[in-house]
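Student: Mind having a look at this structure? Questions to follow.
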Amino acid sequence: MTPALVIKDVEKTFNPGTITENHVLKGVNLVLEEGDYVTVIGGNGAGKSTMLNSIAGVFPIDEGEIYIGEKNVTNLPEHKRAVHLGRVFQDPMVGTAAAMTIAENLSLALHRGEKRGLTKAISEKEKEFFRTQLKQLDLDLENRLDDTIGLLSGGQRQAITLLMATIKKPDLLLLDEHTAALDPKTAEKVLQLTDTIVKENNLTTIMITHNMRDAISHGNRLIMMNNGRVVYDVKGEEKQKLTVEALLEKFTQSYRESTFTDRMILG
Amino acid sequence: MLNIITGAVSLGLLWSVMALGVYLTFRVLDYADMTVDGSIVTGAAIAAKLLVSGINPVIATVAAFFGGMAAGMVTGLLHTKLKIPAILSGILSQIGLYSINIKIMGKPNTTLLKVETLFSMFGKSKYAVLFCGGVTAVAFVVLLYMFLSTSLGSALRATGNNEKMANAMGINIDTMKILGLALGNGLVAFSGALIAQSQGYADMGMGQGSIVIGLASVIIGEVLYHRTSILGKLSSVLVGAVSYRIIIALVIDMGMDPLDLKLFTAITVTVALSMPRIKNFVLAKLTALKKHTGAKSTAKIMKKEGEKV
C-alpha cells in the first residue's frame, strides 16, 4: 500500500548567505502509513513546525521530496496543496476569518481546494449540514451560524478550526501545537475532540505538542525531533509503555549528543 | 437651499460608485489602494475620448470601467508578483497613469459640453443626474452584494480578512488581490466617467485627493449608518458618499473658502478614523466611573453626571 506521507531527505535553510542564516531541517525522513496518528515532540528550534510548514508548502524546501499519497507535492504552492491538507494552527486567531460568520467560514472549508465560482456561497442544505456538524462539538454553536467568528472565544475558534480542517476529509491532518494557546481545561476538551474526529474519520494525522504526557497518551506513534532530524520514532505497544521520565531521558540524551557534535564541528 | 442639496446629492451619488470601489479595496481586501487618484481620471479620459469620437455614452462609460480594471490589475501585479509594498504599488500606478491619462485624451483636458452624454440622453433636466446617478449607485450596491455572496466573493473577503487561513483553504490570494484591485478600480474609473459627463469636461487634475474623498465616504458611512450585514455595509458607503457631499455643500454655503476643502476633508477623515480610539477611551472612563459610583448602567452614569451639572 502507498504510504500516506513520505518525507525524503528534506533540507531547509532560512536566510541563506546572511548573518541570520539558519539551517533548520538537516535531512528529515519520515514515512506515515494510512491512519497513522503521530505526535511530534522536540525542543525549540528542533524543526517541528518547519517540517509541518514544508509539508503544507508555506515555503519551498531546498532539497528532498515530499509525497502525499502518490502525489509529489514538492513543487506545489501552498494553495494547491490545500486540497490534501487540513490544518490547525497554534494561534486560534489564524485558522478562521474573524469578520466572517461561522457559516461562511465553514463553507470556505467545505470547498477547500476547489475552484471558487459565481454560485451562491452557502446553500440552505449546507447550513443544515453545518448545524449537525456544530452540534457534535457540543459548544452550543449550532444556533449561532450567522454570528461572526470574532465574537467567539479562543477555544471555540480552535474547535471550529478543527471542524473546518476536517469537514472535507483531508488526506493528512496537520496540527501545530493547536492547544498551546488555550487554558488547560479547554485544551483538554479540544484534544478529546481531536481524538474523536481523527478516530471517526480514520485520519492520518501529525500533531506537534510541547506536552510530553499528551504526546504519549494520544495517537499510535511518537517521533522526537532534534537539531533538524527525526531522532526517535516509536509506535504501537512500545509507545504505549513510554513514560514521561523515559521520554525526558531520551530528550536529554539526544540533546547532549547534538550539542556535543556541534561543539566538535565548531572546534 | 434645495438647489444646493439636490446638487450635492447628485454629486454624492456619482462619487458613491467610486466610494464603493474604495470600500472593496480598503475594507474588503484590507488594501489602502492609491491607484484611485489615477484610475478615476483614466475613466474620465477614456469616456471623454470616446464621447468626442461620437461613441454611444453607455459604451463609453462601460469602456471606462475596463480601463480602470486594467489599472487595478497593474497595481495588483506589482504587489503580488514583484512583492512591492501595497501603498507603493498604488503610488507607482498612480504616477504612471498621470502620463497615460494625458496620452489617452491627447491633451490635458477635454470639454464635453457639445457632445451627447449619459445625462443629456435623459434631457436637460437637473434631475437627470440625480435619477441616473441614483439608479447606477443602487444597481452597483446590489451587484456588489450579489458578487460578495458568491463563493468567489467569499474567497475575496477571506483573503482580505485572514490571508493565512485563505491560503490554507486553497484560495490563491495573489489572484484574489488582483481581482479585488481590478474590480475596485473599475468602479472608480466608472465613477470618473460619470463625473466627467456631469461636469462637462475631463481634466487630468480632477483625481487629486480622490482617495481621501473615497475614504471619507466609507468612514462617514460607517459612523452615520453602522450595519453588520454585507448589504448594510454597502448601503452605508452610499449614505457616506452622499452625506460627505452634503456636508461639503453646507460648509461652502456657510462661507468656507473652497480652497480649504482638502484640509477640511483631511481633518474630517482623521477625526472619523480616530473615532474607535476616542470611543474606547470614553468607554474606559465610563467603566471606571461606574466602579466608583456603583451605577448599574452607562445610561445611569450619564444621568448622574447630568444631575451633577
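The chains in the C-alpha cells are called A, B, ... from first to last as shown; in each chain the residues are counted from 1, and the ligands are counted from 1 in the order shown.
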List every residue of region 53-259 of chain B that DSSP, applied to the backbone of this structure, places in strand (DSSP E or B), and write the result as a PyMOL selection string.
Tutor: chain B and resi 109-111+150+201-203
Student: Export, as a PDB file, in the first residue's frame, the selected residues with all heavy atoms.
Tutor:
```
ATOM      1  N   ASN B 109      -6.893  68.364 -21.058  1.00  0.00           N
ATOM      2  CA  ASN B 109      -8.322  68.307 -20.717  1.00  0.00           C
ATOM      3  C   ASN B 109      -9.190  68.278 -21.967  1.00  0.00           C
ATOM      4  O   ASN B 109      -8.760  68.680 -23.048  1.00  0.00           O
ATOM      5  CB  ASN B 109      -8.720  69.466 -19.801  1.00  0.00           C
ATOM      6  CG  ASN B 109      -8.256  70.783 -20.346  1.00  0.00           C
ATOM      7  OD1 ASN B 109      -8.580  71.137 -21.484  1.00  0.00           O
ATOM      8  ND2 ASN B 109      -7.462  71.508 -19.569  1.00  0.00           N
ATOM      9  N   THR B 110     -10.403  67.792 -21.792  1.00  0.00           N
ATOM     10  CA  THR B 110     -11.333  67.658 -22.914  1.00  0.00           C
ATOM     11  C   THR B 110     -12.693  68.187 -22.470  1.00  0.00           C
ATOM     12  O   THR B 110     -13.198  67.787 -21.413  1.00  0.00           O
ATOM     13  CB  THR B 110     -11.489  66.170 -23.311  1.00  0.00           C
ATOM     14  OG1 THR B 110     -10.202  65.655 -23.594  1.00  0.00           O
ATOM     15  CG2 THR B 110     -12.382  66.015 -24.531  1.00  0.00           C
ATOM     16  N   THR B 111     -13.279  69.072 -23.273  1.00  0.00           N
ATOM     17  CA  THR B 111     -14.616  69.541 -22.900  1.00  0.00           C
ATOM     18  C   THR B 111     -15.671  68.635 -23.519  1.00  0.00           C
ATOM     19  O   THR B 111     -15.507  68.106 -24.627  1.00  0.00           O
ATOM     20  CB  THR B 111     -14.835  71.013 -23.314  1.00  0.00           C
ATOM     21  OG1 THR B 111     -16.207  71.334 -23.125  1.00  0.00           O
ATOM     22  CG2 THR B 111     -14.469  71.235 -24.779  1.00  0.00           C
ATOM     23  N   THR B 150     -21.255  35.288  -3.421  1.00  0.00           N
ATOM     24  CA  THR B 150     -20.888  34.065  -4.147  1.00  0.00           C
ATOM     25  C   THR B 150     -19.655  33.415  -3.517  1.00  0.00           C
ATOM     26  O   THR B 150     -19.021  34.006  -2.634  1.00  0.00           O
ATOM     27  CB  THR B 150     -20.542  34.378  -5.616  1.00  0.00           C
ATOM     28  OG1 THR B 150     -19.388  35.235  -5.632  1.00  0.00           O
ATOM     29  CG2 THR B 150     -21.686  35.074  -6.325  1.00  0.00           C
ATOM     30  N   TYR B 201     -16.593  68.126 -18.532  1.00  0.00           N
ATOM     31  CA  TYR B 201     -15.212  68.070 -19.005  1.00  0.00           C
ATOM     32  C   TYR B 201     -14.439  66.997 -18.252  1.00  0.00           C
ATOM     33  O   TYR B 201     -14.819  66.587 -17.149  1.00  0.00           O
ATOM     34  CB  TYR B 201     -14.512  69.417 -18.819  1.00  0.00           C
ATOM     35  CG  TYR B 201     -14.353  69.829 -17.377  1.00  0.00           C
ATOM     36  CD1 TYR B 201     -13.223  69.473 -16.650  1.00  0.00           C
ATOM     37  CD2 TYR B 201     -15.338  70.580 -16.739  1.00  0.00           C
ATOM     38  CE1 TYR B 201     -13.083  69.830 -15.315  1.00  0.00           C
ATOM     39  CE2 TYR B 201     -15.205  70.945 -15.416  1.00  0.00           C
ATOM     40  CZ  TYR B 201     -14.079  70.571 -14.703  1.00  0.00           C
ATOM     41  OH  TYR B 201     -13.949  70.924 -13.397  1.00  0.00           O
ATOM     42  N   ALA B 202     -13.361  66.531 -18.873  1.00  0.00           N
ATOM     43  CA  ALA B 202     -12.418  65.643 -18.200  1.00  0.00           C
ATOM     44  C   ALA B 202     -11.110  66.400 -18.095  1.00  0.00           C
ATOM     45  O   ALA B 202     -10.688  67.036 -19.065  1.00  0.00           O
ATOM     46  CB  ALA B 202     -12.230  64.366 -19.005  1.00  0.00           C
ATOM     47  N   ASP B 203     -10.496  66.345 -16.908  1.00  0.00           N
ATOM     48  CA  ASP B 203      -9.288  67.117 -16.691  1.00  0.00           C
ATOM     49  C   ASP B 203      -8.275  66.246 -15.961  1.00  0.00           C
ATOM     50  O   ASP B 203      -8.637  65.504 -15.043  1.00  0.00           O
ATOM     51  CB  ASP B 203      -9.637  68.345 -15.852  1.00  0.00           C
ATOM     52  CG  ASP B 203      -8.400  69.146 -15.503  1.00  0.00           C
ATOM     53  OD1 ASP B 203      -8.004  69.968 -16.331  1.00  0.00           O
ATOM     54  OD2 ASP B 203      -7.842  68.921 -14.406  1.00  0.00           O
TER      55      ASP B 203
END
```
Student: Residues of chain A within 9 Å of chain B, using only C-alpha atoms, as a ChimeraX atom specification?
Tutor: /A:56,78-83,85-87,93-100,104-105,107-122,165
Student: Considering only C-alpha atoms, return as a list in words whatever protein or nucleic-acid residues lie within 6 Å of region 216-219 of chain B, sequence-local ones (same chain, fewer than 5 positions apart) excluded.
Tutor: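 Selected residues are Val237, Gly240, Ala241 and Val269 of chain B.
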Student: Would you mind reading off the distance between CA of Val22 (chain B) and CA of Asp253 (chain B), one decimal, in Å?
Tutor: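 Between CA of Val22 (chain B) and CA of Asp253 (chain B) the gap is 27.7 Å.
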Student: Can you pull out every residue within 12 Å of region 184-189 of chain A, counting only C-alpha atoms, but drop anything in the same chain fewer than 5 positions away, and send it as a PDB file with C-alpha atoms, in the first residue's frame?
Tutor:
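part03.pdb, freshly written:
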```pdb
ATOM      1  CA  GLN A  90      -1.201  27.326  17.320  1.00  0.00           C
ATOM      2  CA  PRO A  92      -6.655  30.359  17.410  1.00  0.00           C
ATOM      3  CA  LEU A 137     -18.726  19.965  19.034  1.00  0.00           C
ATOM      4  CA  ASP A 138     -21.135  20.329  21.952  1.00  0.00           C
ATOM      5  CA  LEU A 139     -20.340  24.016  22.365  1.00  0.00           C
ATOM      6  CA  SER A 153     -13.599  32.622  22.485  1.00  0.00           C
ATOM      7  CA  GLY A 154     -10.190  31.186  21.581  1.00  0.00           C
ATOM      8  CA  GLY A 155     -11.289  27.672  22.497  1.00  0.00           C
ATOM      9  CA  GLN A 156     -14.463  27.927  20.432  1.00  0.00           C
ATOM     10  CA  ARG A 157     -12.497  29.273  17.488  1.00  0.00           C
ATOM     11  CA  GLN A 158      -9.969  26.464  17.753  1.00  0.00           C
ATOM     12  CA  ALA A 159     -12.752  23.864  17.878  1.00  0.00           C
ATOM     13  CA  GLU A 177       0.545  22.885  18.809  1.00  0.00           C
ATOM     14  CA  HIS A 178      -3.122  23.603  18.372  1.00  0.00           C
ATOM     15  CA  THR A 179      -3.890  23.549  22.091  1.00  0.00           C
ATOM     16  CA  THR A 194      -9.286  15.873  18.099  1.00  0.00           C
ATOM     17  CA  ASP A 195      -9.098  12.231  19.104  1.00  0.00           C
ATOM     18  CA  THR A 196     -12.768  11.705  18.335  1.00  0.00           C
ATOM     19  CA  THR A 209       2.911  19.233  21.089  1.00  0.00           C
ATOM     20  CA  ASN A 211       3.295  18.403  26.428  1.00  0.00           C
ATOM     21  CA  ARG A 213       2.091  13.484  28.598  1.00  0.00           C
ATOM     22  CA  ASP A 214      -0.203  14.406  25.696  1.00  0.00           C
ATOM     23  CA  SER A 217      -1.390   9.421  25.595  1.00  0.00           C
ATOM     24  CA  HIS A 218      -2.568  10.463  22.126  1.00  0.00           C
TER      25      HIS A 218
END
```
Student: For CA of Ile149 (chain A) and CA of Ile55 (chain A), determine how far apart the two atoms are, in Å to one decimal place.
Tutor: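 CA of Ile55 (chain A) lies at a distance of 27.5 Å from CA of Ile149 (chain A).
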Student: Could you list, as a PyMOL selection string, every residue within 12 Å of Gln136 (chain A), counting only C-alpha atoms and ignoring same-chain residues fewer than 5 positions away?
Tutor: chain A and resi 129-131+141-142+159-160+163+167+193-194+196-197+200
Student: Taking only C-alpha atoms into account, which of A:Met224, A:Val88, A:Val6, A:Val58 comes nearest Leu76 (chain A)?
Tutor: A:Val58
Student: Calculate how many Å separate CA of Asn72 (chain A) from CA of Ser54 (chain A), rounding to one decimal.
Tutor: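 Distance between the two atoms: 12.9 Å.
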